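**Q** Below is one structure. I have some questions about it.
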Amino acid sequence: MIDKPMPRRGVVGRGGALPSLESLSGEPREWHASLPYTRLTDYGMDAADARELLWRTARDEEWVSVAAEIGHRQLVRANEAGASGTAATQLAAIRAGAAAINVAQIVINQDTARKRALYREFQDAVGRYAQLKGGIERVSLPYGDGVVEGWLILPPSAPSGAVAVWGGLSGWGAAYLAVGEALAARGLACLLAEGPGQGSTRLESHIYASENTLAGYRRFVDFLETDSRTSGLPVGIYGNSIGGMLAARVCAADTRVRACAVNCSPVAADLPDAVGPREQFLAFLGLADGGDHSSDLIRGLHFLPKRHRLRSPLLVLHGGADQLVTQQDAAAYLEAVRDIDAAELVHWPDGEHTLYNHSVERNEVVADWFREQLLRPGSLESLAG
């Protein structure tokens, strides 16, 4: 028998519980609070990698360095698998490596050179995944003085509908690969969008979130309306966290949108007091500090149910354990729907923010709902009318 232990650093308790927040302080506590195990695996990290990251950072190793090291190790494994002809292992390792590199940059709140370099590396890894798997491609759309970007995922056969998906302050684009693949498995094209204030759109084109740049989110609807593979199809939009507020704003202003879903989203927000979330919000807005201008910009993004009316069917998701968005916030979206029979609120009593701990079921619920709404009889006729 050949003894070949798998290389992995850090002591992970033998089947034991993950480090608790109560046992941590300072930066490690902040990292673990914003990126728990459930969020790491939701974003595509390998389960063992996620445990290793949490255990090592609980012992005072730096989050960015550990996550990047884990990601690079997975990409080396992908190269070895590719050289030996095991494409399935190569694909899984690339995806796990990309996810680890993505979560490395998330804790860098400001747009530093290190954050940009890691996000480019993440995008490059996603590009490798896309090339190997097929059916996924990068999309860059001119907007203002730059471009808004995203990833288009196509089903194996001709799509029957299309959905644009975006995240919030720190999780964007290909972080939602599992969502896109759930939609594609149901015959729907999916555009994982990095809108103003998000992803490469922000880090490379320096396009930030504001009421004036909501048109940058609508560019993704433009693309789905005009691309030869999706033109003429009913289009839906799906936003997560703050992205849900933006999705509802776009839906209220754009009659082309046939269905809208929001996941654990507030209808209004304030600049947070905590340093980390505050820095993330300011980076989203493209501001160096939180002066009066920041309050004006944030108010311009709020969703006002009595003013921003929704004509399309609406799905609202909420988790009872969400520390950021209350059920009352989530239910406020229902007030904006012209036809209340077309609105649905799905609630998980133990659900965390954006339902990280119900990620598979959440993706299935959302993908099935969009399929039902976009393929229901009359969707194309109402679109044409």
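Each chain in the structure tokens gets a letter, A, B, ..., in the order shown, and its residues are numbered from 1; ligands are numbered from 1 in order too.
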Taking the DSSP secondary structure from the backbone, can you list the residues of segment 76-296 of chain A that are alpha helix (DSSP H), as JSON, numbers by chain?
**A** {"A": [76, 77, 78, 79, 80, 81, 82, 83, 87, 88, 89, 90, 91, 92, 93, 94, 95, 96, 97, 98, 99, 100, 101, 102, 103, 104, 105, 106, 113, 114, 115, 116, 117, 118, 119, 120, 121, 122, 123, 124, 125, 126, 127, 128, 129, 130, 131, 132, 133, 177, 178, 179, 180, 181, 182, 183, 184, 199, 200, 201, 202, 203, 214, 215, 216, 217, 218, 219, 220, 221, 222, 223, 224, 225, 226, 242, 243, 244, 245, 246, 247, 248, 249, 250, 251, 252, 253, 275, 276, 277, 278, 279, 280, 281, 282, 283, 284, 285, 292, 293, 294, 295, 296]}
**Q** Write out as a PDB file with C-alpha atoms, in the first residue's frame all residues of segment 2-166 of chain A that backbone DSSP assigns to strand (DSSP E or B).
**A**
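Full text of result.pdb as output:
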ATOM      1  CA  ILE A 136     -19.904  30.493 -20.847  1.00  0.00           C
ATOM      2  CA  GLU A 137     -18.396  33.672 -22.259  1.00  0.00           C
ATOM      3  CA  ARG A 138     -17.296  37.132 -21.179  1.00  0.00           C
ATOM      4  CA  VAL A 139     -19.511  40.088 -22.086  1.00  0.00           C
ATOM      5  CA  SER A 140     -18.286  43.708 -22.204  1.00  0.00           C
ATOM      6  CA  LEU A 141     -20.798  46.432 -23.045  1.00  0.00           C
ATOM      7  CA  PRO A 142     -19.880  50.066 -23.745  1.00  0.00           C
ATOM      8  CA  TYR A 143     -21.269  52.457 -21.173  1.00  0.00           C
ATOM      9  CA  GLY A 146     -15.905  52.564 -19.978  1.00  0.00           C
ATOM     10  CA  VAL A 147     -17.651  49.211 -20.100  1.00  0.00           C
ATOM     11  CA  VAL A 148     -20.001  47.234 -17.899  1.00  0.00           C
ATOM     12  CA  GLU A 149     -19.065  43.569 -17.811  1.00  0.00           C
ATOM     13  CA  GLY A 150     -20.453  40.159 -17.018  1.00  0.00           C
ATOM     14  CA  TRP A 151     -20.525  36.455 -17.857  1.00  0.00           C
ATOM     15  CA  LEU A 152     -23.123  34.964 -20.194  1.00  0.00           C
ATOM     16  CA  ILE A 153     -24.134  31.362 -19.482  1.00  0.00           C
ATOM     17  CA  GLY A 161     -35.899  32.931 -21.720  1.00  0.00           C
ATOM     18  CA  ALA A 162     -33.092  34.988 -20.201  1.00  0.00           C
ATOM     19  CA  VAL A 163     -32.258  36.344 -16.729  1.00  0.00           C
ATOM     20  CA  ALA A 164     -29.780  39.034 -15.677  1.00  0.00           C
ATOM     21  CA  VAL A 165     -28.363  38.447 -12.189  1.00  0.00           C
ATOM     22  CA  TRP A 166     -26.384  40.819 -10.002  1.00  0.00           C
TER      23      TRP A 166
END
**Q** I'd like the contact shell of Val316 of chain A - 8 Å cut-off, only C-alpha atoms, skipping same-chain residues fewer than 2 positions apart - returned as a ChimeraX atom specification.
**A** /A:261-264,314,318,330-331,333-334,343-346
**Q** Determine, counting only C-alpha atoms, which protein, DNA and RNA residues have an atom within 9 Å of an atom of segment 175-180 of chain A; residues of the same chain fewer than 5 positions away are not included. Present the result as a list in words.
**A**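 My reading of the contact set: Asp42, Tyr43, Gly44, Ala99, Asn102, Trp151, Leu152, Ile153, Leu154, Val163, Val165, Trp166, Gly167, Ala185, Leu188, Ala189, Cys190, Leu191, Leu192, Ser359, Val360, Arg362, Asn363, Glu364, Val366 and Ala367 of chain A.
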**Q** Using only C-alpha atoms, pick whichever of A:Ile207, A:Val64, A:Ala332, A:Leu324 has the shortest atom-to-atom distance to Thr354 of chain A.
**A**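 Among the listed residues, the smallest separation from Thr354 of chain A belongs to A:Leu324.
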**Q** When you look at Gly71 of chain A with a cut-off of 6 Å (counting only C-alpha atoms), what residues show up, excluding the ones that are within fewer than 3 positions of it in the same chain? I need them as a list in words.
**A** Ala68, Gln74, Gly97, Ala100 and Ile101 of chain A
**Q** Using N, CA and C atoms, can you write the selected residues to a file as a compact mmCIF listing (two decimals), in the first residue's frame?
**A**
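Once everything was written out, this is selection.txt:
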# COMPACT_ATOMS: atom_id res chain seq x y z
N ALA A 68 -5.70 33.23 -0.91
CA ALA A 68 -4.99 33.22 -2.20
C ALA A 68 -4.12 31.97 -2.32
N GLN A 74 -5.22 25.05 -5.61
CA GLN A 74 -6.23 24.39 -6.43
C GLN A 74 -5.92 24.55 -7.92
N GLY A 97 -10.49 26.89 -7.16
CA GLY A 97 -9.40 27.86 -7.07
C GLY A 97 -9.88 29.27 -7.34
N ALA A 100 -11.74 30.59 -4.25
CA ALA A 100 -10.86 30.96 -3.14
C ALA A 100 -10.18 32.31 -3.40
N ILE A 101 -9.76 32.54 -4.62
CA ILE A 101 -9.13 33.82 -4.96
C ILE A 101 -10.14 34.94 -4.87
**Q** Within 12 Å of Glu204 of chain A, counting only C-alpha atoms, which residues show up once you throw out same-chain ones fewer than 3 positions away? Write them as an MDAnalysis selection string, please.
**A** chainID A and resid 111:113 115:117 119:120 140 145:149 194 196:201 207:208
**Q** With distances taken over only C-alpha atoms, which residue among A:Lys133, A:Pro272, A:Ala252, A:Thr38 lies nearest Leu355 of chain A?
**A**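 Closest to Leu355 of chain A, using only C-alpha atoms: A:Thr38.
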**Q** With segment 77-82 of chain A as the partner and 12 Å as the cut-off, tabulate the residues of segment 108-194 of chain A that qualify, each row holding the nearest pair of atoms and their distance in Å to one decimal, using only C-alpha atoms, sorted by chain and rising number, as a tab-separated table.
**A**
residue	atom	partner	partner_atom	distance
A:Ala125	CA	A:Ala78	CA	10.5
A:Arg128	CA	A:Ala78	CA	10.2
A:Tyr129	CA	A:Ala78	CA	10.2
A:Leu132	CA	A:Gly82	CA	10.1
**Q** Any chance you could export the current selection's N, CA, C and O atoms as a CSV table (one decimal), in the first residue's frame?
**A**
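This went into again-v2.csv:
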chain,number,residue,atom,x,y,z
A,125,ALA,N,-9.2,33.0,-13.9
A,125,ALA,CA,-9.5,31.6,-13.6
A,125,ALA,C,-10.9,31.2,-14.1
A,125,ALA,O,-11.2,30.1,-14.6
A,128,ARG,N,-10.7,30.4,-17.7
A,128,ARG,CA,-10.2,29.1,-17.9
A,128,ARG,C,-11.4,28.1,-17.7
A,128,ARG,O,-11.5,27.1,-18.5
A,129,TYR,N,-12.2,28.3,-16.7
A,129,TYR,CA,-13.3,27.4,-16.4
A,129,TYR,C,-14.3,27.4,-17.6
A,129,TYR,O,-14.8,26.4,-18.0
A,132,LEU,N,-13.0,25.6,-20.7
A,132,LEU,CA,-13.0,24.2,-20.5
A,132,LEU,C,-14.4,23.6,-20.5
A,132,LEU,O,-14.7,22.6,-21.2
**Q** Nearest to Arg278 of chain A: which of A:Ser294, A:Gly195, A:Gln131, A:Arg311 is it, counting only C-alpha atoms?
**A**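 Among A:Ser294, A:Gly195, A:Gln131, A:Arg311, it is A:Ser294 that comes nearest to Arg278 of chain A.
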**Q** Calculate how many Å separate atom CA of Ala104 of chain A from atom CA of Gly244 of chain A, rounding to one decimal.
**A**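 Interatomic distance here is 24.2 Å.
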**Q** Which of these, A:Ser228, A:Ala92, A:Leu233, A:Leu285, has the shortest distance to Leu203 of chain A once you count only C-alpha atoms?
**A**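 Answer, going by the shortest atom-to-atom distance: A:Leu285.
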**Q** If we count only C-alpha atoms and set the cut-off at 12 Å, which residues sit around Glu22 of chain A, ignoring sequence neighbours fewer than 5 positions away in its own chain? Please answer as a compact mmCIF listing (two decimals) with N, CA, C and O atoms, in the first residue's frame.
**A**
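This went into around_3.txt:
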# COMPACT_ATOMS: atom_id res chain seq x y z
N PRO A 28 -9.91 38.95 12.61
CA PRO A 28 -10.46 37.60 12.39
C PRO A 28 -11.97 37.53 12.65
O PRO A 28 -12.70 36.88 11.90
N ARG A 29 -12.44 38.20 13.69
CA ARG A 29 -13.88 38.19 13.97
C ARG A 29 -14.65 38.85 12.83
O ARG A 29 -15.70 38.36 12.40
N GLU A 30 -14.12 39.98 12.32
CA GLU A 30 -14.78 40.67 11.21
C GLU A 30 -14.82 39.80 9.96
O GLU A 30 -15.84 39.71 9.28
N HIS A 32 -14.68 36.48 9.75
CA HIS A 32 -15.56 35.32 9.93
C HIS A 32 -17.03 35.73 9.96
O HIS A 32 -17.89 34.95 9.53
N ALA A 33 -17.31 36.93 10.45
CA ALA A 33 -18.70 37.39 10.50
C ALA A 33 -19.24 37.67 9.10
O ALA A 33 -20.38 37.33 8.78
N ALA A 58 -8.49 31.92 12.09
CA ALA A 58 -8.82 32.00 13.52
C ALA A 58 -7.55 31.94 14.37
O ALA A 58 -7.57 32.33 15.54
